[in-house]
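Please read the structure below before turning to the comments.
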Amino acid sequence: MLTRAYQHSLRGSHLPAGQPLLEVDNVSLRFGGVKALSDISITVTEGDVHAIIGPNGAGKSSLLNCISGLYHPQEGEIRLRTAVAAGPEAAVGEAEDSGRPTGEVRTHTLTKLPPYKIARLGVARSFQNIELFAHMTVLENLMLGRHIHMKKSVLASMLWFGPARNQEIEHRHLVEEVIDLLQLQAVRNKPVGALAYGIQKRVELGRALCLQPALLLLDEPMAGMNAEEKEDMARYILDVHELAHVSVVLIEHDMNVVMDISDRVSVLDFGRLIADGTPDEVKADPAVIEAYLGAEEESDRG
Amino acid sequence: MAATSTGIHHRSYTSELRLRATKAEYFRLGLMTVLLLVLPFVLDNYWLSIANTIMIAVIGAVGLNILVGYTGQISLGQGGFMAVGAYSSAILSDRIGLPTPLAILLAVLLTAAVGVFFGLPGLRLKGLYLAIATLASQVIIEFLVRRDYGDFLTEGLGYLNVDRFEFLGFKIGGRDVFEQQWYWILMILAVLAVVSARNIFRTGLGRSFMAVRDQDIAAEAIGVNLTRAKLTAFAVSSAFVGLAGSLTAHYSEVVSWEKFTLDVSILYLAMIIVGGLGSVAGAVYGAIFMTLLPELIRRLANALESTLPFLGDQLPAVRNATFGAIIIAFLIFEPRGLDRIWQRMKDYFRFWPFRY
């Protein structure tokens, strides 16, 4: 339920909640002789906050990079399911769909697609080391998040008056709602490079949200933050999830945060999936305890 | 929108998207317009010819800045692309007999296509490596127009004479009005080039160019097709450069390969570095500055001839040394160029008597 009178839905998926949205099917990724991921199978459900945790080097970021197309796994398949939008929920600037029945579900194989095509299917992401467009303002960065929904005609751009300006204004409305949701009003026209680390992280979240994503991938959104900043960020992620209804895949190291905000947790260790379930199930899993705290005998000695 | 003592308060996105918001900005625009309109009546033919050269340089520099400053693709092929525009426009209008404006338009499109072709290495190469690849395009084009195999381009002359500009019964007049009439044509085209380049960078297209420059992985992750964005940037930039080249041909009425050597590429790079990378206004300032500089150096050398006679004797060397010194000085003291200096001057007066 939206608490404020937002005009736009930031959610890009039209699947009913509870259906599988993303299926990672037996994915293996190798760099030369190093096996970064072996036989990973994870299903992300529409409407969930799905956390991926694991020690350093467990392959979490590699998995995210496979989903968003930056890496191409040697084996296995990653599939995204999308549904055709009902009339008013169709994204801004989206062309009228060619008469396909509302609610029809289509399955896209992401494994061989380049990153920009995966983004166009509705998978948005943030990066572990902030990758914003540093010379541009917050507003321009967020407007770039609208890139996939905009027409880019050279002649119309050169002319400015007419379609180009109307399009800028049309998309600005949605961007302002994202600014509102993430409370970025004060820094709207500041160059991103000059902002504090925590705000940059929030801008990156906002840029991903501007895509109206079906699935939001967040790579360590709270890395390097103190407890208070983490709390803020967790709140924003929950807002994105609860107010905008966007499904989230989240990589995070802080166990407390993960257990608090996720619906489902997958644990990776040395490129293998060692546990998958609700936070409570995972917390009680012996394999997870071993991976995080070391084997029982060792911890006795330590 | 209202500019009040408390600041600028936009009441609509339309007003916020305007390029100018304050009275001072509109005043400067008016001043600039009046200056451009009055110039041809106050300058003599010699200075008008310099003004015309500046107008052509403005178009070329704005084009190069779209590629280098905004998209981050270093290009040393400027001279070559100008040659494509110049030769094709001259041949299309004089030998094939097309109306000159149509010939110029076709030359612009052809240069854009050639730019896309030589931009293909840009899909794989970055930075210095791309600079070398575009240097290859300069060398290849220069080689082709210089050797002129089969005498297709110049029919054995080694250069091309271009007829006087003529369109729908209007023909550029003789010595007394030649520069003035060309001034109107070139000034209008330069203004259009500047305005349309400025417009590109307040729309999604221009932002996608800047995204490629700032962070290409992130650009791809938000859905920017890098191949398409880079090639579009090469096409748009080369189109401006091709226009500059074909105008050079029709204005100077002779096309020869000496006008499009690597020196030209370097000169244009110097213009946008001195003016300010990634700024349309910067390209304009740089074009004006670098075109006026040789003239100023010459006058200075003449003035000092009695005291420092070697200045006059070694004029070309002095000129090159000054060029180099100025580029180094800008890189060290103000890498963001004349545009940034102008911004700072405006800020100084805006905040006066406070420092900031």
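As shown in the structure tokens, the chain order sets the letters A, B, ...; within each chain, residues go from 1, and ligands are also counted from 1 in the order they appear.
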May I have a table of the residues of chain A lying at most 9 Å from chain B, giving each one's closest pair of atoms and their distance in Å to one decimal, counting only C-alpha atoms, ordered by chain and ascending residue number, as a Markdown table?
| residue | atom | partner | partner_atom | distance |
| --- | --- | --- | --- | --- |
| A:Ser68 | CA | B:Ala221 | CA | 7.2 |
| A:Gly69 | CA | B:Ala221 | CA | 8.3 |
| A:Leu70 | CA | B:Ala221 | CA | 8.2 |
| A:Pro114 | CA | B:Glu220 | CA | 8.5 |
| A:Pro115 | CA | B:Ala221 | CA | 5.5 |
| A:Tyr116 | CA | B:Gly223 | CA | 3.9 |
| A:Lys117 | CA | B:Gly223 | CA | 6.5 |
| A:Ile118 | CA | B:Gly223 | CA | 7.6 |
| A:Ala119 | CA | B:Gly223 | CA | 4.9 |
| A:Arg120 | CA | B:Gly223 | CA | 5.8 |
| A:Val123 | CA | B:Ile222 | CA | 8.6 |
| A:Ala124 | CA | B:Ile222 | CA | 6.5 |
| A:Arg125 | CA | B:Ala221 | CA | 7.0 |
| A:Ser126 | CA | B:Ala218 | CA | 8.4 |
| A:Phe127 | CA | B:Ala218 | CA | 8.2 |
| A:Glu131 | CA | B:Ala218 | CA | 5.9 |
| A:Leu132 | CA | B:Gln215 | CA | 6.9 |
| A:Phe133 | CA | B:Asp214 | CA | 5.1 |
| A:Ala134 | CA | B:Asp214 | CA | 6.5 |
| A:His135 | CA | B:Asp214 | CA | 7.0 |
| A:Met136 | CA | B:Met210 | CA | 8.2 |
| A:Glu140 | CA | B:Arg207 | CA | 7.3 |
| A:Asn141 | CA | B:Arg207 | CA | 8.5 |
| A:Met143 | CA | B:Gly204 | CA | 7.6 |
| A:Leu144 | CA | B:Arg207 | CA | 6.6 |
| A:Gly145 | CA | B:Ile222 | CA | 6.1 |
| A:Arg146 | CA | B:Ile222 | CA | 8.4 |
| A:His147 | CA | B:Gly204 | CA | 6.5 |
| A:Ile148 | CA | B:Gly223 | CA | 5.7 |
| A:Met150 | CA | B:Gly204 | CA | 7.0 |
| A:Lys151 | CA | B:Gly204 | CA | 7.9 |
| A:Lys152 | CA | B:Leu205 | CA | 5.3 |
| A:Ser153 | CA | B:Leu205 | CA | 7.4 |
| A:Val154 | CA | B:Leu205 | CA | 7.2 |
| A:Leu155 | CA | B:Ile200 | CA | 8.9 |
| A:Ala156 | CA | B:Ile200 | CA | 8.7 |
| A:Ser157 | CA | B:Ile200 | CA | 5.0 |
| A:Met158 | CA | B:Ser196 | CA | 4.3 |
| A:Leu159 | CA | B:Ser196 | CA | 6.3 |
| A:Trp160 | CA | B:Asn199 | CA | 5.7 |
| A:Ala164 | CA | B:Thr203 | CA | 6.7 |
| A:Arg165 | CA | B:Thr203 | CA | 7.6 |
| A:Asn166 | CA | B:Thr14 | CA | 8.7 |
| A:Gln167 | CA | B:Thr203 | CA | 8.6 |
| A:Glu168 | CA | B:Thr203 | CA | 6.7 |
| A:Ile169 | CA | B:Tyr13 | CA | 6.3 |
| A:Arg172 | CA | B:Tyr13 | CA | 7.9 |
| A:His173 | CA | B:Tyr13 | CA | 9.0 |
| A:Arg207 | CA | B:Ile222 | CA | 8.2 |
| A:Ala208 | CA | B:Ile222 | CA | 7.1 |
| A:Leu211 | CA | B:Ile222 | CA | 7.4 |
Exercise: stretch 74-81 of chain A partners within 10 Å, only C-alpha atoms, chain neighbours under 6 positions left out, as a ChimeraX atom specification: /A:13-15,19-31,37-44,46,66-68,105-112,118,121-123,214-215
Residue neighbourhood B:Tyr268, 9 Å, only C-alpha atoms, exclusion window fewer than 3 positions, as a list in words: Ala57, Gly60, Ala61, Leu64, Gln78, Gly79, Asp263, Val264, Ser265, Met271, Ile272, Ile273, Gly286, Ala287 and Met290 of chain B
In stretch 41-167 of chain B, DSSP alpha helix (DSSP H) residues written as a PyMOL selection string: chain B and resi 41-42+45-65+78-90+100-119+127-147
Within 12 Å of B:Gln343 using only C-alpha atoms, minus same-chain residues under 5 positions, as a list in words: Gly276, Ser279, Ala281, Gly282, Arg336, Gly337, Leu338, Tyr348, Phe349 and Arg350 of chain B
Shell of 12 Å around stretch 286-291 of chain A, only C-alpha atoms, local chain residues under 4 positions omitted, as a list in words: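 The residues that qualify are Ile53, Gly54, Pro55, Asn56, Ala58, Met255, Val265, Ser266, Val267, Leu268, Asp269, Phe270, Arg272, Leu273, Ile274, Ala275, Asp276, Gly277, Pro279, Asp280, Glu281, Val282, Ala295, Glu296, Glu297, Glu298 and Ser299 of chain A.
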Shell around A:Val203 at 10 Å using only C-alpha atoms, local window under 3 positions removed, as a VMD selection string: chain A and resid 126 130 132 138 to 139 141 to 142 178 to 179 182 to 184 187 to 188 192 195 197 to 200 206 to 209
All strand (DSSP E or B) residues (DSSP, backbone) inside stretch 125-296 of chain B, as an MDAnalysis selection string: chainID B and resid 160:161 166:167 170:171 254:255
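When only C-alpha atoms are used to compute distances to B:Phe167, the closest of the residues B:Leu300, B:Ile185, B:Ala321, B:Val34 turns out to be B:Ile185.
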Shortest interatomic distance to A:Val175 - which of A:Asn129, A:Gln7, A:Arg235, A:His253, counting only C-alpha atoms: A:Gln7
